[in-house]
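*Asks:* Structure file target_6.csv, CSV, C-alpha atoms, is pasted below:
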chain,number,residue,atom,x,y,z
A,1,MET,CA,-22.3,1.8,-47.6
A,2,SER,CA,-25.7,1.6,-45.9
A,3,ALA,CA,-26.5,3.7,-42.8
A,4,PRO,CA,-26.8,1.9,-39.5
A,5,SER,CA,-30.3,0.9,-38.5
A,6,PRO,CA,-32.0,3.3,-36.1
A,7,TRP,CA,-33.0,0.3,-34.0
A,8,SER,CA,-29.4,-1.1,-33.7
A,9,THR,CA,-27.9,-1.1,-30.2
A,10,PRO,CA,-24.7,0.9,-30.0
A,11,VAL,CA,-21.6,-1.0,-28.9
A,12,ALA,CA,-20.6,0.0,-25.4
A,13,GLU,CA,-17.1,1.3,-25.0
A,14,LYS,CA,-14.9,-1.1,-23.0
A,15,GLN,CA,-14.4,0.3,-19.5
A,16,PRO,CA,-11.3,-0.5,-17.5
A,17,PRO,CA,-11.9,-2.6,-14.4
A,18,ARG,CA,-12.6,-0.7,-11.2
A,19,ILE,CA,-9.6,-0.2,-9.1
A,20,PRO,CA,-10.3,-1.6,-5.6
A,21,VAL,CA,-9.8,0.8,-2.7
A,22,GLY,CA,-9.0,-0.9,0.6
A,23,LEU,CA,-8.5,0.1,4.2
A,24,SER,CA,-5.2,-0.7,5.9
A,25,SER,CA,-5.4,-2.1,9.4
A,26,SER,CA,-2.7,0.5,10.3
A,27,SER,CA,-5.3,3.2,9.7
A,28,VAL,CA,-7.4,2.2,12.7
A,29,TYR,CA,-4.5,1.6,15.1
A,30,PRO,CA,-4.6,1.0,18.1
A,31,MET,CA,-7.8,-0.9,17.3
A,32,GLY,CA,-7.6,-4.3,15.7
A,33,VAL,CA,-8.4,-6.4,12.7
A,34,ALA,CA,-12.1,-6.8,13.4
A,35,GLU,CA,-12.5,-3.1,13.7
A,36,THR,CA,-10.7,-2.7,10.4
A,37,PHE,CA,-13.1,-5.0,8.6
A,38,SER,CA,-16.1,-3.4,10.3
A,39,ILE,CA,-15.2,0.2,9.5
A,40,ALA,CA,-14.3,-0.8,5.9
A,41,GLU,CA,-17.7,-2.3,5.4
A,42,ASP,CA,-19.5,0.6,7.1
A,43,LEU,CA,-17.8,3.2,4.9
A,44,GLY,CA,-18.0,1.4,1.6
A,45,TYR,CA,-14.5,0.3,1.0
A,46,ASP,CA,-13.7,-2.6,-1.3
A,47,GLY,CA,-11.5,-4.6,1.0
A,48,VAL,CA,-8.7,-4.4,3.6
A,49,GLU,CA,-4.9,-4.6,3.8
A,50,VAL,CA,-3.6,-6.4,6.9
A,51,MET,CA,-0.4,-5.4,8.4
A,52,VAL,CA,1.2,-8.3,10.2
A,53,THR,CA,2.3,-7.3,13.7
A,54,HIS,CA,2.9,-8.8,17.1
A,55,ARG,CA,-0.9,-9.3,17.5
A,56,ALA,CA,-1.9,-12.9,16.8
A,57,GLU,CA,-5.1,-11.9,15.0
A,58,THR,CA,-3.0,-10.4,12.1
A,59,GLN,CA,-1.0,-13.6,11.6
A,60,GLN,CA,-3.9,-16.2,11.5
A,61,ALA,CA,-5.5,-17.0,8.2
A,62,SER,CA,-8.5,-18.6,10.0
A,63,VAL,CA,-9.2,-15.3,11.8
A,64,LEU,CA,-8.9,-13.2,8.6
A,65,ASN,CA,-11.0,-15.6,6.6
A,66,GLU,CA,-13.7,-15.5,9.3
A,67,HIS,CA,-13.8,-11.7,9.1
A,68,THR,CA,-13.8,-11.8,5.3
A,69,TRP,CA,-16.9,-14.0,5.4
A,70,ARG,CA,-18.6,-12.0,8.2
A,71,PHE,CA,-18.1,-8.6,6.7
A,72,GLY,CA,-17.9,-9.4,3.0
A,73,MET,CA,-14.5,-7.7,2.8
A,74,PRO,CA,-11.7,-9.5,0.9
A,75,VAL,CA,-8.1,-9.1,2.0
A,76,LEU,CA,-6.4,-7.2,-0.8
A,77,ALA,CA,-2.8,-7.3,0.5
A,78,ILE,CA,-0.7,-8.6,3.3
A,79,HIS,CA,1.9,-6.2,4.7
A,80,ALA,CA,4.9,-8.3,5.8
A,81,PRO,CA,6.4,-7.6,9.3
A,82,THR,CA,9.5,-5.9,7.8
A,83,LEU,CA,9.2,-2.7,9.8
A,84,LEU,CA,11.9,-1.9,12.4
A,85,LEU,CA,9.2,-2.3,15.1
A,86,THR,CA,8.3,-5.8,14.0
A,87,GLN,CA,11.8,-7.3,13.7
A,88,GLN,CA,10.9,-9.9,16.3
A,89,VAL,CA,7.8,-11.2,14.4
A,90,TRP,CA,8.2,-14.4,12.5
A,91,GLY,CA,11.9,-15.0,12.9
A,92,SER,CA,14.4,-14.3,10.2
A,93,ALA,CA,14.0,-11.7,7.4
A,94,TRP,CA,13.5,-14.4,4.8
A,95,GLU,CA,11.0,-16.3,7.0
A,96,LYS,CA,8.9,-13.1,7.3
A,97,LEU,CA,8.5,-12.9,3.5
A,98,GLU,CA,7.9,-16.7,3.2
A,99,ARG,CA,5.2,-16.7,5.9
A,100,SER,CA,3.6,-13.5,4.5
A,101,ALA,CA,3.3,-15.1,1.1
A,102,ALA,CA,1.8,-18.3,2.6
A,103,LEU,CA,-0.7,-16.2,4.6
A,104,ALA,CA,-1.6,-14.3,1.4
A,105,GLN,CA,-2.3,-17.6,-0.3
A,106,GLU,CA,-4.4,-18.8,2.6
A,107,VAL,CA,-6.6,-15.7,2.6
A,108,GLY,CA,-6.9,-15.5,-1.2
A,109,CYS,CA,-4.9,-12.4,-2.1
A,110,ASP,CA,-1.8,-12.2,-4.3
A,111,VAL,CA,0.1,-9.2,-3.0
A,112,VAL,CA,2.6,-8.9,-0.2
A,113,VAL,CA,4.0,-5.4,0.7
A,114,ALA,CA,7.6,-5.4,1.9
A,115,HIS,CA,10.0,-2.7,3.0
A,116,PRO,CA,13.5,-2.7,1.4
A,117,PRO,CA,16.1,-4.4,3.5
A,118,PHE,CA,18.2,-2.6,6.1
A,119,ARG,CA,21.9,-2.4,5.5
A,120,TRP,CA,22.8,-4.6,8.4
A,121,GLN,CA,20.8,-7.6,7.2
A,122,GLY,CA,23.6,-9.4,5.5
A,123,THR,CA,22.8,-11.8,2.7
A,124,TYR,CA,19.2,-10.9,2.9
A,125,ALA,CA,20.1,-7.4,1.9
A,126,SER,CA,22.6,-8.3,-0.7
A,127,GLN,CA,20.4,-11.0,-2.3
A,128,PHE,CA,17.0,-9.3,-1.8
A,129,ALA,CA,16.1,-8.9,-5.5
A,130,GLU,CA,16.9,-12.5,-6.3
A,131,GLY,CA,15.2,-13.8,-3.2
A,132,ILE,CA,11.9,-12.1,-3.7
A,133,ALA,CA,11.9,-13.2,-7.4
A,134,ALA,CA,12.3,-16.8,-6.2
A,135,ILE,CA,9.4,-16.5,-3.7
A,136,GLU,CA,7.2,-15.0,-6.4
A,137,GLU,CA,8.0,-17.8,-8.8
A,138,ARG,CA,7.4,-20.5,-6.2
A,139,THR,CA,4.2,-19.1,-4.7
A,140,GLY,CA,2.6,-17.0,-7.4
A,141,VAL,CA,2.4,-14.2,-4.9
A,142,THR,CA,3.7,-10.7,-5.9
A,143,ILE,CA,6.2,-9.1,-3.5
A,144,ALA,CA,5.7,-5.3,-4.0
A,145,VAL,CA,8.7,-3.4,-2.6
A,146,GLU,CA,7.7,-0.1,-0.9
A,147,ASN,CA,9.4,3.2,-1.2
A,148,MET,CA,10.9,4.5,2.0
A,149,TYR,CA,13.0,7.6,2.8
A,150,PRO,CA,16.5,8.5,4.1
A,151,TRP,CA,17.0,8.9,7.8
A,152,ARG,CA,18.2,12.4,8.7
A,153,ALA,CA,19.6,13.7,12.0
A,154,GLY,CA,21.6,16.8,12.9
A,155,GLY,CA,21.7,17.9,9.3
A,156,ARG,CA,23.2,14.6,8.1
A,157,GLU,CA,21.7,11.8,6.1
A,158,ALA,CA,22.1,8.1,7.1
A,159,GLN,CA,21.7,5.4,4.4
A,160,MET,CA,19.7,2.8,6.3
A,161,TYR,CA,18.5,0.7,3.3
A,162,LEU,CA,20.4,-1.4,0.9
A,163,PRO,CA,20.8,-0.7,-2.0
A,164,HIS,CA,18.5,2.3,-1.6
A,165,TRP,CA,15.3,3.6,0.0
A,166,ASN,CA,13.7,4.4,-3.4
A,167,PRO,CA,12.8,1.3,-5.5
A,168,VAL,CA,12.0,3.2,-8.8
A,169,ASP,CA,15.4,2.8,-10.4
A,170,LEU,CA,16.1,-0.7,-8.8
A,171,PRO,CA,15.4,-4.0,-10.5
A,172,TYR,CA,12.2,-4.9,-8.6
A,173,PRO,CA,9.4,-6.0,-11.0
A,174,HIS,CA,6.7,-4.9,-8.5
A,175,VAL,CA,6.6,-1.8,-6.3
A,176,THR,CA,4.3,-0.3,-3.7
A,177,TRP,CA,4.2,3.5,-3.6
A,178,ASP,CA,3.5,5.4,-0.4
A,179,PHE,CA,2.8,9.1,-0.7
A,180,SER,CA,3.7,10.0,2.9
A,181,HIS,CA,7.1,8.3,2.5
A,182,ALA,CA,7.6,10.2,-0.7
A,183,ALA,CA,6.9,13.5,1.2
A,184,THR,CA,9.5,12.6,3.9
A,185,ALA,CA,12.0,11.8,1.2
A,186,GLU,CA,11.0,15.1,-0.6
A,187,ASP,CA,10.3,13.1,-3.7
A,188,ASP,CA,7.7,13.8,-6.5
A,189,SER,CA,5.0,11.1,-6.4
A,190,TYR,CA,3.5,12.0,-9.7
A,191,GLU,CA,6.8,11.6,-11.6
A,192,ALA,CA,7.5,8.3,-9.7
A,193,VAL,CA,4.1,6.9,-10.5
A,194,ARG,CA,4.5,7.9,-14.2
A,195,LYS,CA,8.0,6.4,-14.4
A,196,LEU,CA,6.9,3.1,-12.6
A,197,GLY,CA,4.1,2.4,-15.0
A,198,SER,CA,3.2,-1.3,-15.1
A,199,ARG,CA,5.7,-2.0,-12.3
A,200,LEU,CA,3.4,-0.2,-9.8
A,201,ARG,CA,1.4,-3.0,-8.2
A,202,HIS,CA,0.1,-1.4,-5.0
A,203,VAL,CA,-0.5,2.0,-3.5
A,204,HIS,CA,-0.6,3.4,0.0
A,205,LEU,CA,-2.9,6.4,-0.2
A,206,THR,CA,-2.0,9.1,2.2
A,207,ASP,CA,-0.2,12.4,2.1
A,208,GLY,CA,2.5,14.4,3.9
A,209,TRP,CA,4.6,17.5,4.1
A,210,SER,CA,8.1,17.6,2.5
A,211,ASN,CA,9.9,18.3,5.7
A,212,GLY,CA,12.7,15.8,5.3
A,213,PHE,CA,12.2,14.0,8.7
A,214,LYS,CA,8.6,13.4,9.7
A,215,ASP,CA,6.4,10.6,8.2
A,216,ASP,CA,3.0,12.3,8.6
A,217,HIS,CA,0.5,9.8,6.9
A,218,LEU,CA,-2.1,12.5,6.5
A,219,VAL,CA,-5.5,12.3,4.9
A,220,PRO,CA,-4.8,12.7,1.1
A,221,GLY,CA,-5.1,16.3,0.0
A,222,HIS,CA,-3.9,17.6,3.4
A,223,GLY,CA,-0.2,17.6,2.5
A,224,ASN,CA,1.8,18.9,-0.5
A,225,GLN,CA,2.3,15.7,-2.4
A,226,ARG,CA,0.9,15.5,-6.0
A,227,VAL,CA,-1.6,12.9,-4.8
A,228,SER,CA,-4.6,14.0,-6.9
A,229,GLU,CA,-2.5,14.2,-10.1
A,230,ALA,CA,-1.0,10.8,-9.4
A,231,LEU,CA,-4.4,9.1,-8.9
A,232,ASP,CA,-5.7,10.8,-12.0
A,233,LEU,CA,-2.9,9.2,-13.9
A,234,LEU,CA,-3.4,5.9,-12.2
A,235,GLY,CA,-7.1,5.8,-13.1
A,236,ALA,CA,-6.5,6.3,-16.8
A,237,PRO,CA,-7.4,3.2,-18.8
A,238,ASP,CA,-4.1,3.2,-20.6
A,239,PHE,CA,-1.9,3.5,-17.4
A,240,GLY,CA,1.1,1.2,-17.9
A,241,GLY,CA,-0.3,0.1,-21.2
A,242,THR,CA,-3.1,-2.1,-19.8
A,243,GLY,CA,-4.5,0.0,-16.9
A,244,PHE,CA,-3.5,-0.3,-13.2
A,245,GLN,CA,-3.5,-3.9,-12.2
A,246,GLY,CA,-3.4,-3.4,-8.4
A,247,ALA,CA,-5.2,-1.9,-5.5
A,248,VAL,CA,-5.1,1.3,-3.5
A,249,ALA,CA,-5.0,1.0,0.3
A,250,VAL,CA,-5.8,4.0,2.5
A,251,GLU,CA,-3.0,4.2,5.1
A,252,VAL,CA,-3.5,7.4,7.2
A,253,ALA,CA,-2.7,8.0,10.9
A,254,THR,CA,-5.9,8.3,12.9
A,255,ARG,CA,-4.6,7.5,16.4
A,256,GLY,CA,-4.7,11.3,17.2
A,257,ALA,CA,-8.5,11.3,16.6
A,258,ARG,CA,-10.2,12.6,19.8
A,259,LYS,CA,-13.8,13.5,18.9
A,260,VAL,CA,-16.5,10.8,18.4
A,261,GLY,CA,-16.6,9.9,14.8
A,262,GLU,CA,-13.5,11.8,13.9
A,263,ARG,CA,-11.6,8.6,12.8
A,264,GLU,CA,-14.5,7.5,10.6
A,265,ARG,CA,-14.7,11.0,9.1
A,266,MET,CA,-11.0,11.0,8.1
A,267,LEU,CA,-11.3,7.5,6.6
A,268,ALA,CA,-14.5,8.4,4.7
A,269,GLU,CA,-12.8,11.6,3.3
A,270,SER,CA,-9.9,9.5,2.2
A,271,LEU,CA,-12.2,7.0,0.4
A,272,GLU,CA,-14.1,9.8,-1.3
A,273,PHE,CA,-10.8,11.4,-2.4
A,274,ALA,CA,-9.8,8.0,-4.0
A,275,ARG,CA,-13.1,7.5,-5.7
A,276,ASN,CA,-13.0,11.0,-7.2
A,277,HIS,CA,-9.5,10.9,-8.6
A,278,LEU,CA,-9.8,7.3,-9.8
A,279,GLY,CA,-12.8,8.3,-11.8
A,280,GLN,CA,-15.2,6.1,-9.9
A,281,HIS,CA,-18.1,8.5,-9.4
What is this file in structure tokens?
*Replies:*
Amino acid sequence: MSAPSPWSTPVAEKQPPRIPVGLSSSSVYPMGVAETFSIAEDLGYDGVEVMVTHRAETQQASVLNEHTWRFGMPVLAIHAPTLLLTQQVWGSAWEKLERSAALAQEVGCDVVVAHPPFRWQGTYASQFAEGIAAIEERTGVTIAVENMYPWRAGGREAQMYLPHWNPVDLPYPHVTWDFSHAATAEDDSYEAVRKLGSRLRHVHLTDGWSNGFKDDHLVPGHGNQRVSEALDLLGAPDFGGTGFQGAVAVEVATRGARKVGERERMLAESLEFARNHLGQH
């Protein structure tokens, strides 16, 4: 067998696609969507996640598409208004998901983040898995169910979600993992991410303390979740067999920022954390 020519060009190893890191609009609250896009562009994010709220700007594809064009920032995910505080947005529970999927189509993204149903939501709760599968098949938009946490008061735990707050062992083909929610639930994010594998479709990058009751949404690395290990795992080219196929969205609480530039510093630090542990430097 002849030796390779010294002038031959070595074949480059195939690199996994870069995992996009986006900025959630909830991270700039109480500021709005325009500020989300602007900060994301300034700090070097890859896109944004838009949480649908009572504000009209979060519900209108024309507004979001204008911002995408103006700032060069794509919408990576739509967060459906399934929070307790947004129960009055977009009508019934099913309508919230239908309209969120339609909005995602109009802005050119393929992921909708949804919280699991509350126990009192009747057939929406009992038929949730089948219903989101039907929406996915009809629209081509992925509904990624987010992990939540038990509600605790007076030393007692209330089961608010049906069938459970943790989607890992439930029959959802697509899941969103939130590190702060995991901390509140006193769960192990690394083990959850490992177990989810290819079912993990979206990530809310944040952190928290395992205190059992407070949802901190800290800058990653400022709590006690195994965030760095989980992102190291996520960034591996063989994660889930084919590499991670979704996006990471920074979702940290900055409304307590008081000093000039403090919010931007927190969001820049979160982005740097993501880049480092996803192997993007």
*Asks:* Which residues are close to Arg263 (chain A), i.e. within 6 Å by only C-alpha atoms, leaving aside same-chain residues fewer than 3 positions away? Reply as a compact mmCIF listing (two decimals) with C-alpha atoms, keeping the file's coordinate frame.
*Replies:*
# COMPACT_ATOMS: atom_id res chain seq x y z
CA THR A 254 -5.90 8.30 12.90
CA ALA A 257 -8.50 11.30 16.60
CA MET A 266 -11.00 11.00 8.10
*Asks:* Just the number, please: distance in Å from CA of Val63 (chain A) to CA of Glu35 (chain A), one decimal.
*Replies:*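 So the answer is 12.8 Å.
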*Asks:* Kindly assemble as CSV a list of the region 132-205 of chain A residues that lie within 12 Å of region 23-26 of chain A, each paired with its nearest atom pair and their distance in Å to one decimal, using all atoms listed in the file, sorted first by chain and then by ascending residue number.
*Replies:*
residue,atom,partner,partner_atom,distance
A:Val203,CA,A:Ser24,CA,10.9
A:His204,CA,A:Ser24,CA,8.5
A:Leu205,CA,A:Leu23,CA,9.5
*Asks:* Pick the closest to Val111 (chain A) from A:Gly32, A:Gly246, A:Gly197, A:Gly256: which is it, counting all atoms listed in the file?
*Replies:*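 Answer, going by the shortest atom-to-atom distance: A:Gly246.
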*Asks:* Counting only C-alpha atoms, which of A:Gln60, A:Thr86, A:Thr68, A:Ser228 gets nearest to Asn276 (chain A)?
*Replies:*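 When distances to Asn276 (chain A) are compared using only C-alpha atoms, the smallest one comes from A:Ser228.
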*Asks:* Need the shell around Ser126 (chain A): protein/DNA/RNA residues with any atom at most 9 Å away, counting only C-alpha atoms. Skip same-chain ones fewer than 3 positions apart. Format as a compact mmCIF listing (two decimals) with C-alpha atoms, in the coordinates of the input?
*Replies:*
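The resulting file, part_3.txt, is shown below:
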# COMPACT_ATOMS: atom_id res chain seq x y z
CA PRO A 117 16.10 -4.40 3.50
CA ARG A 119 21.90 -2.40 5.50
CA GLN A 121 20.80 -7.60 7.20
CA GLY A 122 23.60 -9.40 5.50
CA THR A 123 22.80 -11.80 2.70
CA ALA A 129 16.10 -8.90 -5.50
CA LEU A 162 20.40 -1.40 0.90
CA PRO A 163 20.80 -0.70 -2.00
*Asks:* Just the number, please: distance in Å from CA of Pro167 (chain A) to CA of Val28 (chain A), one decimal.
*Replies:*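 Calculated distance between CA of Pro167 (chain A) and CA of Val28 (chain A) is 27.2 Å.
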*Asks:* Using Å and a single decimal, report how far CA of Ala77 (chain A) sits from CA of Glu49 (chain A).
*Replies:*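 So the answer is 4.8 Å.
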